[in-house]
$ cat structure-v5.txt   # compact mmCIF, C-alpha atoms
# COMPACT_ATOMS: atom_id res chain seq x y z
CA MET Q 1 -68.46 -63.63 11.74
CA VAL Q 2 -69.70 -60.51 13.51
CA ILE Q 3 -71.98 -60.88 16.53
CA PHE Q 4 -74.20 -57.98 17.54
CA LEU Q 5 -75.19 -57.72 21.16
CA VAL Q 6 -78.37 -55.81 21.93
CA LYS Q 7 -79.13 -54.68 25.44
CA VAL Q 8 -82.79 -55.21 26.27
CA PRO Q 9 -84.30 -52.63 28.65
CA LYS Q 10 -85.40 -54.09 31.95
CA ASP Q 11 -88.92 -52.73 31.44
CA LEU Q 12 -89.41 -55.03 28.46
CA ASN Q 13 -88.79 -58.05 30.64
CA ASN Q 14 -91.69 -57.17 32.91
CA LYS Q 15 -95.06 -58.62 32.08
CA VAL Q 16 -97.83 -56.16 31.35
CA ASN Q 17 -100.49 -56.30 34.03
CA PHE Q 18 -103.69 -56.33 31.99
CA LYS Q 19 -105.87 -55.49 34.97
CA ASP Q 20 -103.80 -52.39 35.72
CA PHE Q 21 -104.03 -51.42 32.06
CA LEU Q 22 -107.82 -51.72 32.07
CA ARG Q 23 -108.01 -49.85 35.35
CA SER Q 24 -105.97 -46.95 33.95
CA ILE Q 25 -108.10 -46.77 30.79
CA GLY Q 26 -111.25 -46.89 32.90
CA HIS Q 27 -109.91 -44.01 34.99
CA ILE Q 28 -109.34 -41.94 31.83
CA PHE Q 29 -112.91 -42.49 30.61
CA LYS Q 30 -114.28 -41.79 34.07
CA GLN Q 31 -112.39 -38.51 34.22
CA LYS Q 32 -112.62 -37.41 30.56
CA GLY Q 33 -115.30 -39.67 29.13
CA ARG Q 34 -117.85 -36.93 28.57
CA TRP Q 35 -115.92 -35.17 25.81
CA LEU Q 36 -114.19 -38.34 24.57
CA TYR Q 37 -117.53 -40.07 23.93
CA ALA Q 38 -118.69 -36.95 22.09
CA ILE Q 39 -115.59 -36.98 19.89
CA PHE Q 40 -115.99 -40.70 19.19
CA ALA Q 41 -119.62 -40.18 18.19
CA ILE Q 42 -118.84 -37.16 15.99
CA GLY Q 43 -116.06 -39.04 14.20
CA CYS Q 44 -118.36 -42.00 13.64
CA ILE Q 45 -121.18 -39.78 12.34
CA SER Q 46 -118.87 -37.85 10.02
CA MET Q 47 -117.57 -40.99 8.32
CA PHE Q 48 -121.06 -42.52 8.28
CA VAL Q 49 -122.41 -39.51 6.40
CA ILE Q 50 -119.64 -39.09 3.82
CA PHE Q 51 -119.37 -42.77 2.89
CA GLY Q 52 -123.12 -43.31 3.04
CA VAL Q 53 -123.88 -40.39 0.76
CA LEU Q 54 -121.05 -41.35 -1.61
CA PHE Q 55 -122.68 -44.78 -1.84
CA TYR Q 56 -125.93 -43.03 -2.78
CA LEU Q 57 -124.15 -40.95 -5.40
CA SER Q 58 -122.43 -44.03 -6.82
CA SER Q 59 -125.78 -45.81 -7.19
CA GLU Q 60 -127.39 -42.77 -8.82
CA LEU Q 61 -124.55 -42.34 -11.29
CA GLU Q 62 -124.90 -45.95 -12.44
CA THR Q 63 -128.65 -46.49 -12.44
CA VAL Q 64 -129.89 -43.04 -13.50
CA TYR Q 65 -127.07 -41.46 -15.49
CA TYR Q 66 -125.31 -44.65 -16.69
CA ILE Q 67 -121.91 -43.32 -15.63
CA LYS Q 68 -119.60 -46.19 -14.79
CA GLY Q 69 -115.94 -47.13 -14.56
CA ILE Q 70 -113.23 -44.50 -14.46
CA MET Q 71 -115.61 -41.61 -15.03
CA LYS Q 72 -117.69 -42.61 -12.01
CA GLY Q 73 -114.54 -42.93 -9.94
CA LEU Q 74 -113.45 -39.43 -10.93
CA VAL Q 75 -116.81 -37.97 -9.91
CA LEU Q 76 -116.70 -39.76 -6.54
CA ALA Q 77 -113.15 -38.53 -5.99
CA ILE Q 78 -114.20 -34.86 -6.11
CA PRO Q 79 -115.75 -34.67 -2.60
CA LEU Q 80 -112.91 -36.77 -1.18
CA ALA Q 81 -110.35 -34.44 -2.77
CA ALA Q 82 -112.12 -31.51 -1.11
CA LEU Q 83 -111.97 -33.40 2.20
CA CYS Q 84 -108.24 -34.12 1.90
CA LEU Q 85 -107.28 -30.56 0.92
CA THR Q 86 -109.38 -29.06 3.69
CA SER Q 87 -107.82 -31.43 6.25
CA TYR Q 88 -104.35 -30.29 5.22
CA PHE Q 89 -105.10 -26.59 5.61
CA THR Q 90 -107.15 -27.11 8.78
CA GLY Q 91 -104.21 -28.81 10.46
CA LYS Q 92 -102.11 -25.72 9.79
CA LEU Q 93 -104.88 -23.38 10.98
CA ILE Q 94 -105.74 -24.88 14.35
CA GLY Q 95 -102.20 -25.32 15.66
CA GLU Q 96 -102.38 -26.29 19.34
CA SER Q 97 -105.38 -24.12 20.24
CA LYS Q 98 -108.21 -26.22 21.68
CA VAL Q 99 -110.62 -23.31 21.28
CA LYS Q 100 -109.91 -23.21 17.54
CA MET Q 101 -110.29 -26.99 17.38
CA LYS Q 102 -113.75 -26.80 18.91
CA TRP Q 103 -115.09 -23.99 16.76
CA VAL Q 104 -113.59 -25.31 13.54
CA THR Q 105 -115.35 -28.57 14.38
CA VAL Q 106 -118.66 -26.78 15.00
CA ILE Q 107 -118.40 -24.74 11.77
CA GLY Q 108 -117.51 -27.85 9.78
CA LEU Q 109 -120.49 -29.73 11.19
CA PHE Q 110 -122.80 -26.82 10.40
CA MET Q 111 -121.53 -26.89 6.81
CA LEU Q 112 -122.12 -30.64 6.64
CA THR Q 113 -125.63 -30.36 8.10
CA GLY Q 114 -126.62 -27.48 5.84
CA ALA Q 115 -125.34 -29.21 2.71
CA ILE Q 116 -127.14 -32.48 3.48
CA PHE Q 117 -130.37 -30.59 4.26
CA CYS Q 118 -130.20 -28.67 0.96
CA ILE Q 119 -129.52 -31.85 -1.04
CA GLY Q 120 -132.77 -33.23 0.35
CA TRP Q 121 -134.75 -30.69 -1.66
CA THR Q 122 -133.49 -31.69 -5.11
CA GLU Q 123 -132.39 -34.73 -7.09
CA GLN Q 124 -130.48 -32.66 -9.64
CA ILE Q 125 -127.10 -34.38 -10.00
CA TYR Q 126 -124.95 -31.24 -10.29
CA PHE Q 127 -126.52 -29.81 -7.14
CA ILE Q 128 -125.91 -33.09 -5.30
CA ILE Q 129 -122.25 -33.13 -6.34
CA SER Q 130 -121.85 -29.48 -5.28
CA GLY Q 131 -123.47 -30.29 -1.95
CA LEU Q 132 -121.13 -33.22 -1.46
CA ILE Q 133 -118.14 -30.97 -2.10
CA ILE Q 134 -119.35 -28.78 0.77
CA CYS Q 135 -119.79 -31.96 2.85
CA GLY Q 136 -116.19 -32.88 2.07
CA ILE Q 137 -114.98 -29.44 3.14
CA GLY Q 138 -117.00 -29.65 6.35
CA ILE Q 139 -115.76 -33.11 7.30
CA GLY Q 140 -112.24 -32.18 6.20
CA SER Q 141 -112.25 -29.45 8.84
CA VAL Q 142 -113.81 -31.68 11.51
CA LEU Q 143 -111.53 -34.72 11.41
CA PRO Q 144 -108.12 -33.06 12.04
CA SER Q 145 -109.68 -30.96 14.79
CA LEU Q 146 -111.00 -34.08 16.53
CA ASP Q 147 -107.64 -35.82 16.10
CA ALA Q 148 -105.85 -32.86 17.65
CA LEU Q 149 -108.31 -32.67 20.57
CA VAL Q 150 -107.63 -36.31 21.42
CA THR Q 151 -103.88 -35.87 21.04
CA GLU Q 152 -103.76 -32.72 23.17
CA GLY Q 153 -106.18 -33.96 25.82
CA ILE Q 154 -104.73 -37.40 26.60
CA GLU Q 155 -101.44 -38.19 28.32
CA LYS Q 156 -98.73 -39.78 26.16
CA GLU Q 157 -98.79 -43.17 27.89
CA HIS Q 158 -102.49 -43.65 27.11
CA ARG Q 159 -102.73 -41.70 23.87
CA GLY Q 160 -102.20 -44.72 21.60
CA THR Q 161 -105.03 -46.70 23.19
CA VAL Q 162 -107.51 -43.83 23.08
CA THR Q 163 -106.67 -42.90 19.49
CA SER Q 164 -107.08 -46.56 18.51
CA ILE Q 165 -110.58 -46.61 19.98
CA TYR Q 166 -111.34 -43.34 18.20
CA SER Q 167 -110.10 -44.74 14.88
CA SER Q 168 -112.21 -47.85 15.41
CA MET Q 169 -115.31 -45.70 15.89
CA ARG Q 170 -114.59 -43.90 12.64
CA PHE Q 171 -114.38 -47.24 10.84
CA VAL Q 172 -117.71 -48.22 12.39
CA GLY Q 173 -119.14 -45.17 10.62
CA VAL Q 174 -117.48 -46.16 7.35
CA ALA Q 175 -118.94 -49.67 7.60
CA ALA Q 176 -122.43 -48.56 8.67
CA GLY Q 177 -122.89 -45.82 6.07
CA PRO Q 178 -123.56 -47.80 2.86
CA PRO Q 179 -125.96 -50.44 4.29
CA VAL Q 180 -128.01 -47.88 6.22
CA ILE Q 181 -128.22 -45.56 3.21
CA SER Q 182 -129.18 -48.48 0.97
CA LEU Q 183 -132.14 -49.15 3.28
CA LEU Q 184 -133.15 -45.47 3.28
CA MET Q 185 -132.96 -45.43 -0.53
CA ASN Q 186 -136.03 -47.65 -0.50
CA THR Q 187 -138.00 -44.72 0.92
CA SER Q 188 -137.85 -41.29 -0.73
CA HIS Q 189 -135.09 -38.83 -1.55
CA LYS Q 190 -136.32 -36.38 1.08
CA THR Q 191 -136.72 -39.04 3.75
CA LEU Q 192 -133.16 -40.24 3.14
CA PHE Q 193 -131.48 -36.85 3.36
CA PHE Q 194 -133.66 -35.40 6.09
CA THR Q 195 -132.92 -38.47 8.21
CA VAL Q 196 -129.20 -37.99 7.65
CA THR Q 197 -129.66 -34.29 8.46
CA GLY Q 198 -131.09 -35.32 11.83
CA VAL Q 199 -128.01 -37.45 12.50
CA CYS Q 200 -125.79 -34.48 11.60
CA ILE Q 201 -127.72 -32.24 14.02
CA VAL Q 202 -126.88 -34.71 16.81
CA ALA Q 203 -123.18 -34.26 15.95
CA VAL Q 204 -123.55 -30.46 16.03
CA LEU Q 205 -125.16 -30.57 19.46
CA LEU Q 206 -122.47 -32.89 20.80
CA ALA Q 207 -119.75 -30.54 19.57
CA LEU Q 208 -121.46 -27.47 21.03
CA LEU Q 209 -122.38 -28.94 24.41
CA GLU Q 210 -119.76 -31.55 25.24
CA ILE Q 211 -116.48 -30.20 23.84
CA ARG Q 212 -115.49 -27.51 26.34
CA PRO Q 213 -111.88 -26.36 26.00
CA GLY Q 214 -112.23 -24.05 29.01
CA LYS Q 215 -113.15 -26.86 31.39
CA LYS Q 216 -110.49 -28.75 33.36
CA TYR Q 217 -111.53 -32.15 31.99
CA THR Q 218 -110.50 -31.10 28.45
$ encode --input "structure-v5.txt" --output "structure tokens"
Amino acid sequence: MVIFLVKVPKDLNNKVNFKDFLRSIGHIFKQKGRWLYAIFAIGCISMFVIFGVLFYLSSELETVYYIKGIMKGLVLAIPLAALCLTSYFTGKLIGESKVKMKWVTVIGLFMLTGAIFCIGWTEQIYFIISGLIICGIGIGSVLPSLDALVTEGIEKEHRGTVTSIYSSMRFVGVAAGPPVISLLMNTSHKTLFFTVTGVCIVAVLLALLEIRPGKKYT
């Protein structure tokens, strides 16, 4: 019989002081909260918009065009495919430059806002799908830029906690999108998309005003 002996680091034997942990996290948000809150909000809004509008498209495909099953899934996958491909190439583009991260985020949000605004003027399905592809490209450029800003702007010992909070905010957007859009669908097509456009404008302003790579707190 072979016995393996594993040496446990002394640090693992020490109890984590939860108060010190909360104090350190509070210090981070006090020092860098301005741009972190902006990034959290932008991530939440981005996921809210894409999943909310995909819910709208899914409902339209079933109730108006009677497209269901695999075919509906393929149509819904088109904007998400655009999002994934754009995220891949954006990650290569931005590198470690915070200035690039900011302006890629701003451009992506402008694309998202413009596409949602244009969709509000028509209910033609092919135009809506084309607009959603642009939305996917816009969000696909935003998300990796936000991820990189958090990674580059937070010290290693606290990076996991901050990124977890950021990921949670994105999931809040995922969860909120469909129910909010379902309520707006009871109004009119224009009301729905112009309301979402307003939300996107908030994200654009946050990116422009609060993400400042030249400032010491970023």
$ closest_residue --input "structure-v5.txt" --among "Q:Ile45, Q:Val53, Q:Ile107, Q:Ile67" --to "Gly131 in chain Q" --atoms "all atoms listed in the file"
Q:Val53
$ residues_around --input "structure-v5.txt" --residues "Ser168 in chain Q" --least-positions-apart "5" --cutoff "12 Å" --atoms "all atoms listed in the file" --output "list in words"
Phe40, Ala41, Gly43, Cys44, Met47, Thr161, Val162, Thr163, Gly173, Val174 and Ala175 of chain Q
$ write_last_selection --input "structure-v5.txt" --atoms "C-alpha atoms" --output "PDB file, keeping the file's coordinate frame"
ATOM      1  CA  PHE Q  40    -115.990 -40.700  19.190  1.00  0.00           C
ATOM      2  CA  ALA Q  41    -119.620 -40.180  18.190  1.00  0.00           C
ATOM      3  CA  GLY Q  43    -116.060 -39.040  14.200  1.00  0.00           C
ATOM      4  CA  CYS Q  44    -118.360 -42.000  13.640  1.00  0.00           C
ATOM      5  CA  MET Q  47    -117.570 -40.990   8.320  1.00  0.00           C
ATOM      6  CA  THR Q 161    -105.030 -46.700  23.190  1.00  0.00           C
ATOM      7  CA  VAL Q 162    -107.510 -43.830  23.080  1.00  0.00           C
ATOM      8  CA  THR Q 163    -106.670 -42.900  19.490  1.00  0.00           C
ATOM      9  CA  GLY Q 173    -119.140 -45.170  10.620  1.00  0.00           C
ATOM     10  CA  VAL Q 174    -117.480 -46.160   7.350  1.00  0.00           C
ATOM     11  CA  ALA Q 175    -118.940 -49.670   7.600  1.00  0.00           C
TER      12      ALA Q 175
END
$ residues_around --input "structure-v5.txt" --residues "Ala176 in chain Q" --least-positions-apart "5" --cutoff "10 Å" --atoms "all atoms listed in the file" --output "list in words"
Cys44, Ile45, Met47, Phe48, Val49, Phe51, Gly52, Arg170, Phe171 and Ile181 of chain Q
$ residues_near_point --input "structure-v5.txt" --point "(-130.6, -39.9, -12.0)" --cutoff "12 Å" --atoms "only C-alpha atoms" --output "PyMOL selection string"
chain Q and resi 56-67+122-128+189
$ closest_residue --input "structure-v5.txt" --among "Q:Val104, Q:Leu208, Q:Cys135, Q:Ile94" --to "Ile78 in chain Q" --atoms "all atoms listed in the file"
Q:Cys135
$ residues_around --input "structure-v5.txt" --residues "range 149-160 of chain Q" --least-positions-apart "2" --cutoff "10 Å" --atoms "only C-alpha atoms" --output "list in words"
Phe21, Ser24, Ile25, Ile28, Lys32, Trp35, Leu36, Ile39, Phe40, Glu96, Ser97, Lys98, Val99, Met101, Lys102, Leu143, Pro144, Ser145, Leu146, Asp147, Val162, Thr163, Ser164, Ile165, Tyr166, Ile211, Pro213, Tyr217 and Thr218 of chain Q
$ residues_around --input "structure-v5.txt" --residues "Leu85 in chain Q" --least-positions-apart "2" --cutoff "12 Å" --atoms "only C-alpha atoms" --output "JSON list (two decimals) with C-alpha atoms, in the frame of the given file"
[["chain", "number", "residue", "atom", "x", "y", "z"],
["Q", 78, "ILE", "CA", -114.20, -34.86, -6.11],
["Q", 79, "PRO", "CA", -115.75, -34.67, -2.60],
["Q", 80, "LEU", "CA", -112.91, -36.77, -1.18],
["Q", 81, "ALA", "CA", -110.35, -34.44, -2.77],
["Q", 82, "ALA", "CA", -112.12, -31.51, -1.11],
["Q", 83, "LEU", "CA", -111.97, -33.40, 2.20],
["Q", 87, "SER", "CA", -107.82, -31.43, 6.25],
["Q", 88, "TYR", "CA", -104.35, -30.29, 5.22],
["Q", 89, "PHE", "CA", -105.10, -26.59, 5.61],
["Q", 90, "THR", "CA", -107.15, -27.11, 8.78],
["Q", 91, "GLY", "CA", -104.21, -28.81, 10.46],
["Q", 92, "LYS", "CA", -102.11, -25.72, 9.79],
["Q", 133, "ILE", "CA", -118.14, -30.97, -2.10],
["Q", 136, "GLY", "CA", -116.19, -32.88, 2.07],
["Q", 137, "ILE", "CA", -114.98, -29.44, 3.14],
["Q", 138, "GLY", "CA", -117.00, -29.65, 6.35],
["Q", 139, "ILE", "CA", -115.76, -33.11, 7.30],
["Q", 140, "GLY", "CA", -112.24, -32.18, 6.20],
["Q", 141, "SER", "CA", -112.25, -29.45, 8.84],
["Q", 144, "PRO", "CA", -108.12, -33.06, 12.04]]
$ atom_distance --input "structure-v5.txt" --atom1 "CA of Ala38 in chain Q" --atom2 "CA of Thr195 in chain Q"
19.9 Å
$ atom_distance --input "structure-v5.txt" --atom1 "CA of Lys100 in chain Q" --atom2 "CA of Phe194 in chain Q"
29.0 Å
$ axis_aligned_box --input "structure-v5.txt" --around "range 130-135 of chain Q" --padding-each-side "6 Å" --output "AutoDock Vina command-line options"
--center_x -120.8 --center_y -31.0 --center_z -1.2 --size_x 17.3 --size_y 16.4 --size_z 20.1
$ atom_distance --input "structure-v5.txt" --atom1 "CA of Ile129 in chain Q" --atom2 "CA of Met71 in chain Q"
13.8 Å
$ closest_residue --input "structure-v5.txt" --among "Q:Leu76, Q:Leu93, Q:Leu192, Q:Met169" --to "Gly120 in chain Q" --atoms "all atoms listed in the file"
Q:Leu192
$ closest_residue --input "structure-v5.txt" --among "Q:Thr113, Q:Thr105, Q:Ser182, Q:Ser188" --to "Leu54 in chain Q" --atoms "only C-alpha atoms"
Q:Ser182
